[in-house]
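The data block below is model_22.cif; it holds mmCIF, C-alpha atoms and all ligand atoms.
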data_work
loop_
_atom_site.group_PDB
_atom_site.id
_atom_site.type_symbol
_atom_site.label_atom_id
_atom_site.label_comp_id
_atom_site.auth_asym_id
_atom_site.auth_seq_id
_atom_site.Cartn_x
_atom_site.Cartn_y
_atom_site.Cartn_z
ATOM 1 C CA MET A 1300 7.407 46.743 10.255
ATOM 2 C CA PRO A 1301 4.418 44.399 10.690
ATOM 3 C CA ALA A 1302 3.008 43.976 14.196
ATOM 4 C CA ASP A 1303 3.856 40.798 16.086
ATOM 5 C CA VAL A 1304 0.498 39.038 16.498
ATOM 6 C CA ASN A 1305 1.427 37.706 19.930
ATOM 7 C CA SER A 1306 2.458 40.944 21.529
ATOM 8 C CA ILE A 1307 1.052 44.282 22.560
ATOM 9 C CA THR A 1308 0.985 46.697 19.624
ATOM 10 C CA LEU A 1309 1.722 50.386 20.058
ATOM 11 C CA TYR A 1310 0.903 52.901 17.335
ATOM 12 C CA GLN A 1311 3.237 55.769 17.993
ATOM 13 C CA ARG A 1312 5.176 58.698 16.565
ATOM 14 C CA PRO A 1313 8.781 58.894 17.824
ATOM 15 C CA ASP A 1314 8.912 62.645 18.569
ATOM 16 C CA CYS A 1315 5.452 62.813 20.198
ATOM 17 C CA PRO A 1316 6.057 63.290 23.952
ATOM 18 C CA PHE A 1317 2.999 61.182 24.855
ATOM 19 C CA CYS A 1318 4.285 58.257 22.754
ATOM 20 C CA TRP A 1319 7.838 58.795 23.923
ATOM 21 C CA LYS A 1320 6.914 58.488 27.618
ATOM 22 C CA VAL A 1321 5.040 55.259 26.828
ATOM 23 C CA ARG A 1322 8.121 53.866 25.055
ATOM 24 C CA LEU A 1323 10.254 54.798 28.078
ATOM 25 C CA ALA A 1324 7.791 53.087 30.417
ATOM 26 C CA ALA A 1325 7.727 49.961 28.225
ATOM 27 C CA PHE A 1326 11.523 49.745 28.053
ATOM 28 C CA GLU A 1327 11.951 50.445 31.764
ATOM 29 C CA SER A 1328 9.306 47.939 32.832
ATOM 30 C CA GLY A 1329 10.534 45.289 30.401
ATOM 31 C CA VAL A 1330 7.139 44.808 28.725
ATOM 32 C CA ASN A 1331 7.517 43.718 25.137
ATOM 33 C CA VAL A 1332 5.727 46.099 22.776
ATOM 34 C CA SER A 1333 5.583 45.882 19.022
ATOM 35 C CA GLU A 1334 5.765 49.409 17.600
ATOM 36 C CA ILE A 1335 4.037 50.734 14.506
ATOM 37 C CA GLU A 1336 5.380 54.148 13.581
ATOM 38 C CA VAL A 1337 2.963 56.773 12.292
ATOM 39 C CA GLN A 1338 4.004 59.890 10.409
ATOM 40 C CA LEU A 1339 3.459 63.517 11.392
ATOM 41 C CA ASP A 1340 0.411 64.973 9.584
ATOM 42 C CA LYS A 1341 -0.555 61.580 8.137
ATOM 43 C CA LYS A 1342 -3.417 59.683 9.742
ATOM 44 C CA HIS A 1343 -2.733 55.970 9.989
ATOM 45 C CA PRO A 1344 -5.933 54.091 8.984
ATOM 46 C CA ASP A 1345 -5.718 51.816 12.063
ATOM 47 C CA VAL A 1346 -5.451 54.846 14.369
ATOM 48 C CA VAL A 1347 -8.484 56.441 12.697
ATOM 49 C CA ARG A 1348 -10.404 53.170 13.110
ATOM 50 C CA LEU A 1349 -9.346 52.507 16.701
ATOM 51 C CA ASN A 1350 -9.319 55.968 18.247
ATOM 52 C CA PRO A 1351 -12.199 58.453 17.799
ATOM 53 C CA ASN A 1352 -9.742 61.226 18.745
ATOM 54 C CA GLU A 1353 -7.340 60.058 15.997
ATOM 55 C CA THR A 1354 -4.354 60.704 18.263
ATOM 56 C CA VAL A 1355 -1.359 58.574 19.136
ATOM 57 C CA PRO A 1356 -0.323 56.687 21.178
ATOM 58 C CA VAL A 1357 -2.815 53.872 20.717
ATOM 59 C CA LEU A 1358 -2.256 50.519 22.396
ATOM 60 C CA LEU A 1359 -3.841 47.358 21.058
ATOM 61 C CA ASP A 1360 -3.701 44.118 23.013
ATOM 62 C CA ASP A 1361 -5.966 41.500 21.475
ATOM 63 C CA HIS A 1362 -9.409 43.201 21.648
ATOM 64 C CA LEU A 1363 -8.363 45.831 24.151
ATOM 65 C CA VAL A 1364 -7.754 49.341 22.788
ATOM 66 C CA ILE A 1365 -6.334 52.124 24.995
ATOM 67 C CA ASN A 1366 -6.187 55.650 23.581
ATOM 68 C CA GLU A 1367 -4.849 57.719 26.480
ATOM 69 C CA SER A 1368 -1.124 57.673 27.189
ATOM 70 C CA SER A 1369 -1.500 57.744 30.987
ATOM 71 C CA GLU A 1370 -3.880 54.752 30.850
ATOM 72 C CA ILE A 1371 -1.459 52.940 28.543
ATOM 73 C CA ILE A 1372 1.311 53.433 31.095
ATOM 74 C CA GLU A 1373 -0.890 52.065 33.877
ATOM 75 C CA TYR A 1374 -1.658 49.023 31.738
ATOM 76 C CA LEU A 1375 2.045 48.446 31.049
ATOM 77 C CA ILE A 1376 2.831 48.728 34.747
ATOM 78 C CA ASP A 1377 0.116 46.125 35.436
ATOM 79 C CA GLN A 1378 1.845 43.790 32.958
ATOM 80 C CA ALA A 1379 5.277 44.265 34.512
ATOM 81 C CA PRO A 1380 6.512 41.694 37.008
ATOM 82 C CA HIS A 1381 7.381 44.403 39.555
ATOM 83 C CA MET A 1382 5.977 47.885 40.226
ATOM 84 C CA GLU A 1383 9.312 49.642 39.795
ATOM 85 C CA LEU A 1384 7.866 52.617 37.918
ATOM 86 C CA MET A 1385 5.454 53.498 40.757
ATOM 87 C CA PRO A 1386 7.769 53.056 43.738
ATOM 88 C CA GLY A 1387 7.322 54.063 47.341
ATOM 89 C CA PRO A 1388 4.490 54.711 49.765
ATOM 90 C CA ALA A 1389 1.154 56.361 48.909
ATOM 91 C CA LYS A 1390 2.398 59.954 49.337
ATOM 92 C CA ILE A 1391 5.328 59.418 46.978
ATOM 93 C CA ARG A 1392 3.060 57.697 44.478
ATOM 94 C CA ALA A 1393 0.644 60.642 44.650
ATOM 95 C CA THR A 1394 3.566 62.970 43.856
ATOM 96 C CA ILE A 1395 4.524 60.816 40.874
ATOM 97 C CA ARG A 1396 0.949 61.055 39.538
ATOM 98 C CA GLN A 1397 0.920 64.828 40.087
ATOM 99 C CA LEU A 1398 4.187 65.248 38.175
ATOM 100 C CA HIS A 1399 2.879 63.033 35.385
ATOM 101 C CA HIS A 1400 -0.266 65.155 35.131
ATOM 102 C CA TYR A 1401 1.758 68.383 35.338
ATOM 103 C CA SER A 1402 4.033 67.234 32.529
ATOM 104 C CA ASP A 1403 1.147 66.264 30.232
ATOM 105 C CA HIS A 1404 -1.129 69.199 30.918
ATOM 106 C CA GLN A 1405 1.028 72.161 31.942
ATOM 107 C CA LEU A 1406 4.591 71.674 30.809
ATOM 108 C CA GLY A 1407 3.300 70.507 27.447
ATOM 109 C CA LYS A 1408 1.281 73.710 27.056
ATOM 110 C CA ILE A 1409 4.331 75.829 27.930
ATOM 111 C CA LEU A 1410 6.631 74.192 25.374
ATOM 112 C CA PHE A 1411 4.386 73.023 22.542
ATOM 113 C CA PRO A 1412 3.534 76.366 20.819
ATOM 114 C CA TYR A 1413 7.271 77.193 20.575
ATOM 115 C CA ILE A 1414 8.223 73.718 19.328
ATOM 116 C CA LYS A 1415 5.353 73.637 16.844
ATOM 117 C CA GLU A 1416 6.215 77.065 15.435
ATOM 118 C CA LYS A 1417 9.871 76.059 15.108
ATOM 119 C CA ARG A 1418 8.915 72.734 13.536
ATOM 120 C CA ASP A 1419 6.453 74.291 11.079
ATOM 121 C CA SER A 1420 8.490 77.349 10.033
ATOM 122 C CA GLU A 1421 10.596 77.142 6.894
ATOM 123 C CA ASN A 1422 13.926 77.869 8.574
ATOM 124 C CA CYS A 1423 13.212 76.692 12.133
ATOM 125 C CA THR A 1424 12.542 80.156 13.529
ATOM 126 C CA VAL A 1425 10.212 81.353 16.251
ATOM 127 C CA ARG A 1426 8.772 84.853 16.671
ATOM 128 C CA ASP A 1427 10.723 86.859 19.316
ATOM 129 C CA GLU A 1428 7.603 87.400 21.402
ATOM 130 C CA LEU A 1429 6.844 83.667 21.620
ATOM 131 C CA LYS A 1430 10.513 82.889 22.234
ATOM 132 C CA GLU A 1431 10.656 85.282 25.205
ATOM 133 C CA SER A 1432 7.386 84.162 26.792
ATOM 134 C CA THR A 1433 8.359 80.482 26.422
ATOM 135 C CA LYS A 1434 11.830 81.076 27.884
ATOM 136 C CA HIS A 1435 10.250 82.821 30.865
ATOM 137 C CA ALA A 1436 7.628 80.106 31.509
ATOM 138 C CA TRP A 1437 10.224 77.337 30.962
ATOM 139 C CA TYR A 1438 12.501 78.985 33.534
ATOM 140 C CA GLU A 1439 9.642 79.145 36.057
ATOM 141 C CA ALA A 1440 8.825 75.484 35.405
ATOM 142 C CA GLN A 1441 12.448 74.486 35.985
ATOM 143 C CA SER A 1442 12.531 76.498 39.195
ATOM 144 C CA MET A 1443 9.498 74.619 40.544
ATOM 145 C CA LEU A 1444 10.850 71.233 39.417
ATOM 146 C CA SER A 1445 14.312 71.950 40.811
ATOM 147 C CA GLU A 1446 12.778 72.657 44.197
ATOM 148 C CA LYS A 1447 10.706 69.454 44.054
ATOM 149 C CA LEU A 1448 13.732 67.365 43.088
ATOM 150 C CA GLY A 1449 15.991 68.814 45.766
ATOM 151 C CA GLU A 1450 19.049 66.650 46.393
ATOM 152 C CA ARG A 1451 17.398 63.412 45.268
ATOM 153 C CA ASP A 1452 18.657 61.423 42.282
ATOM 154 C CA PHE A 1453 15.099 61.047 40.944
ATOM 155 C CA PHE A 1454 11.779 62.701 41.795
ATOM 156 C CA ALA A 1455 10.606 59.649 43.777
ATOM 157 C CA ASP A 1456 14.141 58.646 44.868
ATOM 158 C CA GLU A 1457 14.040 55.946 42.183
ATOM 159 C CA PHE A 1458 13.381 56.274 38.458
ATOM 160 C CA SER A 1459 9.597 56.363 38.043
ATOM 161 C CA VAL A 1460 6.706 57.373 35.798
ATOM 162 C CA ALA A 1461 7.560 60.978 36.742
ATOM 163 C CA GLU A 1462 10.822 60.635 34.776
ATOM 164 C CA CYS A 1463 9.049 58.839 31.888
ATOM 165 C CA ALA A 1464 6.700 61.811 31.558
ATOM 166 C CA LEU A 1465 9.171 64.651 32.134
ATOM 167 C CA LEU A 1466 12.173 63.415 30.141
ATOM 168 C CA PRO A 1467 10.632 63.739 26.660
ATOM 169 C CA ARG A 1468 9.555 67.310 27.492
ATOM 170 C CA PHE A 1469 13.045 68.185 28.700
ATOM 171 C CA CYS A 1470 14.676 66.526 25.715
ATOM 172 C CA LEU A 1471 12.361 68.339 23.284
ATOM 173 C CA ALA A 1472 13.091 71.661 24.998
ATOM 174 C CA VAL A 1473 16.862 71.146 24.967
ATOM 175 C CA THR A 1474 16.861 69.918 21.362
ATOM 176 C CA HIS A 1475 14.841 72.931 20.240
ATOM 177 C CA GLY A 1476 17.167 75.470 21.882
ATOM 178 C CA LEU A 1477 15.674 75.805 25.368
ATOM 179 C CA PRO A 1478 18.471 74.489 27.615
ATOM 180 C CA ILE A 1479 18.292 73.770 31.333
ATOM 181 C CA ALA A 1480 19.408 76.926 33.152
ATOM 182 C CA GLU A 1481 22.813 76.902 34.891
ATOM 183 C CA GLN A 1482 21.136 77.845 38.203
ATOM 184 C CA PHE A 1483 19.417 74.463 38.320
ATOM 185 C CA GLN A 1484 22.434 72.209 38.671
ATOM 186 C CA ASN A 1485 20.364 69.488 40.340
ATOM 187 C CA LEU A 1486 18.086 69.346 37.277
ATOM 188 C CA LYS A 1487 21.088 69.297 34.926
ATOM 189 C CA LYS A 1488 22.592 66.370 36.857
ATOM 190 C CA TRP A 1489 19.211 64.617 36.969
ATOM 191 C CA TYR A 1490 18.870 64.957 33.199
ATOM 192 C CA ALA A 1491 22.412 63.653 32.601
ATOM 193 C CA ARG A 1492 21.766 60.743 34.994
ATOM 194 C CA CYS A 1493 18.576 59.801 33.116
ATOM 195 C CA ALA A 1494 20.214 60.278 29.706
ATOM 196 C CA ASP A 1495 22.739 57.603 30.695
ATOM 197 C CA ARG A 1496 20.082 54.916 31.016
ATOM 198 C CA PRO A 1497 19.680 52.370 28.209
ATOM 199 C CA SER A 1498 15.933 53.119 28.052
ATOM 200 C CA PHE A 1499 16.624 56.790 27.305
ATOM 201 C CA LYS A 1500 18.922 55.931 24.423
ATOM 202 C CA LYS A 1501 16.520 53.305 23.103
ATOM 203 C CA ALA A 1502 13.489 55.619 23.258
ATOM 204 C CA MET A 1503 15.269 58.611 21.678
ATOM 205 C CA PRO A 1504 13.712 59.611 18.314
ATOM 206 C CA GLN A 1505 16.004 59.148 15.312
ATOM 207 C CA TYR A 1506 15.016 62.582 14.055
ATOM 208 C CA PHE A 1507 12.881 65.566 14.990
ATOM 209 C CA PRO A 1508 10.589 66.825 12.223
ATOM 210 C CA GLY A 1509 11.693 70.275 11.100
ATOM 211 C CA LEU A 1510 15.123 70.081 12.714
ATOM 212 C CA ALA A 1511 18.350 69.113 10.986
ATOM 213 C CA GLN A 1512 19.553 65.548 11.565
ATOM 214 C CA HIS A 1513 21.474 65.356 14.855
HETATM 215 N N1 LIG A 1601 -4.433 62.921 25.655
HETATM 216 C C1 LIG A 1601 -3.704 62.205 24.642
HETATM 217 C C2 LIG A 1601 -2.927 63.208 23.782
HETATM 218 C C3 LIG A 1601 -2.199 62.545 22.620
HETATM 219 C C4 LIG A 1601 -1.812 63.566 21.542
HETATM 220 O O1 LIG A 1601 -2.161 64.761 21.612
HETATM 221 N N2 LIG A 1601 -1.115 63.082 20.521
HETATM 222 C C5 LIG A 1601 -0.768 63.929 19.381
HETATM 223 C C6 LIG A 1601 0.688 63.763 18.982
HETATM 224 S S1 LIG A 1601 1.786 64.410 20.201
HETATM 225 C C7 LIG A 1601 -1.576 63.506 18.166
HETATM 226 O O2 LIG A 1601 -1.713 62.322 17.906
HETATM 227 N N3 LIG A 1601 -2.114 64.484 17.410
HETATM 228 C C8 LIG A 1601 -2.880 64.212 16.228
HETATM 229 C C9 LIG A 1601 -2.054 63.927 15.047
HETATM 230 O O3 LIG A 1601 -0.806 64.043 15.096
HETATM 231 O O4 LIG A 1601 -2.625 63.577 14.001
HETATM 232 C C10 LIG A 1601 -2.769 61.183 25.301
HETATM 233 O O5 LIG A 1601 -2.284 61.465 26.401
HETATM 234 O O6 LIG A 1601 -2.570 60.098 24.730
#
When written as structure tokens, how does the structure in this file appear?
Ligand SMILES: N[C@@H](CCC(=O)N[C@@H](CS)C(=O)NCC(=O)O)C(=O)O
Amino acid sequence: MPADVNSITLYQRPDCPFCWKVRLAAFESGVNVSEIEVQLDKKHPDVVRLNPNETVPVLLDDHLVINESSEIIEYLIDQAPHMELMPGPAKIRATIRQLHHYSDHQLGKILFPYIKEKRDSENCTVRDELKESTKHAWYEAQSMLSEKLGERDFFADEFSVAECALLPRFCLAVTHGLPIAEQFQNLKKWYARCADRPSFKKAMPQYFPGLAQH
């Protein structure tokens, strides 16, 4: 689909968790973004031209190019009429940023090798050793997040950037056979609550490379 010349353009791949969180933030903040979908393992010429790292997401707004997903989200929040995705006082906002960073840099590292191996293998299998170590680390991550969430509906009381960042990771884990453990009922309810939102449904990838159509 060609980009709308008057709007912000986002080069993105639907199943990429960095792109996915940006889509969630755009839908939640009501900023109109024109999406250009790139394919797994195929470099889009515009992405190669615009981003020395050749990664997605890439945001283009007139002459402005932003290549880092967290900076893209900040830019979208600046465009939004209200600051709903960064709610609360400074301490809550610091927690949101910490969870965002944790999701990008730690949770991603825990889940990605498993998901990549499953995605790249011929019959969606993962070596037992990697499966066990991922299950263990994923359980520990849920334990920490469950404690942080406590009895709240959302990590910052209201839906925030923390949810935008964490939800794609959770959805990828669940879709690839790493469910939320029964012990963490608050996380299960949180996930169901988020999955009910229109933005979640709108941002959901149509397919996951390497997995059967769902
Ligand atoms: N630090 C970057 C990471 C983005 C990233 O790693 N994107 C992956 C897809 S999930 C990518 O584009 N990899 C190169 C490729 O697919 O060609 C960000 O937060 O935007």
- Item | Within-10 Å residues of ligand LIG 1601 (chain A), basis only C-alpha atoms and all ligand atoms, as a ChimeraX atom specification | /A:1310-1321,1337-1343,1346-1347,1350,1352-1358,1365-1372,1400,1403-1404,1407,1411
- To verify the selection step, state as an NGL selection string which residues the PyMOL selection byres (((chain A and resi 1436-1440) around 12) and not hetatm) yields on this input. :A and (1398 or 1401-1402 or 1405-1411 or 1413 or 1429-1435 or 1441-1447 or 1465 or 1468-1469 or 1472-1473 or 1476-1483 or 1486)
- Name the closest residue to Lys1390 of chain A among the candidates A:Ile1335, A:Ala1464, A:Pro1504, A:Ala1455; distances are taken between atoms, counting only C-alpha atoms. A:Ala1455
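Residues within 12 Å of Arg1392 of chain A, counting only C-alpha atoms and excluding same-chain residues fewer than 3 positions away, are Met1382, Glu1383, Leu1384, Met1385, Pro1386, Gly1387, Pro1388, Ala1389, Ile1395, Arg1396, Gln1397, Leu1398, His1399, Phe1454, Ala1455, Asp1456, Glu1457, Ser1459, Val1460 and Ala1461 of chain A.
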- Two-atom distance - atom CA of Pro1508 of chain A, atom CA of Glu1327 of chain A (Å): 25.5 Å
- Item | From A:Glu1421, A:Phe1453, A:Glu1416, A:Leu1323, residue lying nearest Lys1488 of chain A [only C-alpha atoms] |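 Smallest separation from Lys1488 of chain A among the options: A:Phe1453.
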- Item | atom CA of Val1332 of chain A to atom CA of Ile1307 of chain A, distance in Å rounded to a single decimal |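 Atom CA of Ile1307 of chain A lies at a distance of 5.0 Å from atom CA of Val1332 of chain A.
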- Task: Find the residues around Ala1502 of chain A up to 6 Å (all atoms listed in the file counted), leave out those fewer than 2 positions away in its own chain, and share them as a PyMOL selection string.
- Result: chain A and resi 1322-1323+1498-1500
- Query: Separation of atom CA of Asn1331 of chain A and atom CA of Cys1493 of chain A, in Å?
  - Reply: 21.1 Å
Adding 6 Å on each side of the box along x, y and z that holds all listed atoms of segment 1472-1487 of chain A, could you give its centre and edge lengths in Å to one decimal, as JSON?
{"center_x": 18.0, "center_y": 73.6, "center_z": 30.3, "size_x": 21.7, "size_y": 20.5, "size_z": 32.1}
- From the set A:Tyr1490, A:Thr1308, A:Pro1412, A:Ile1391, which residue has the shortest atom-to-atom contact distance to Glu1428 of chain A, counting only C-alpha atoms?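 Nearest to Glu1428 of chain A: A:Pro1412.
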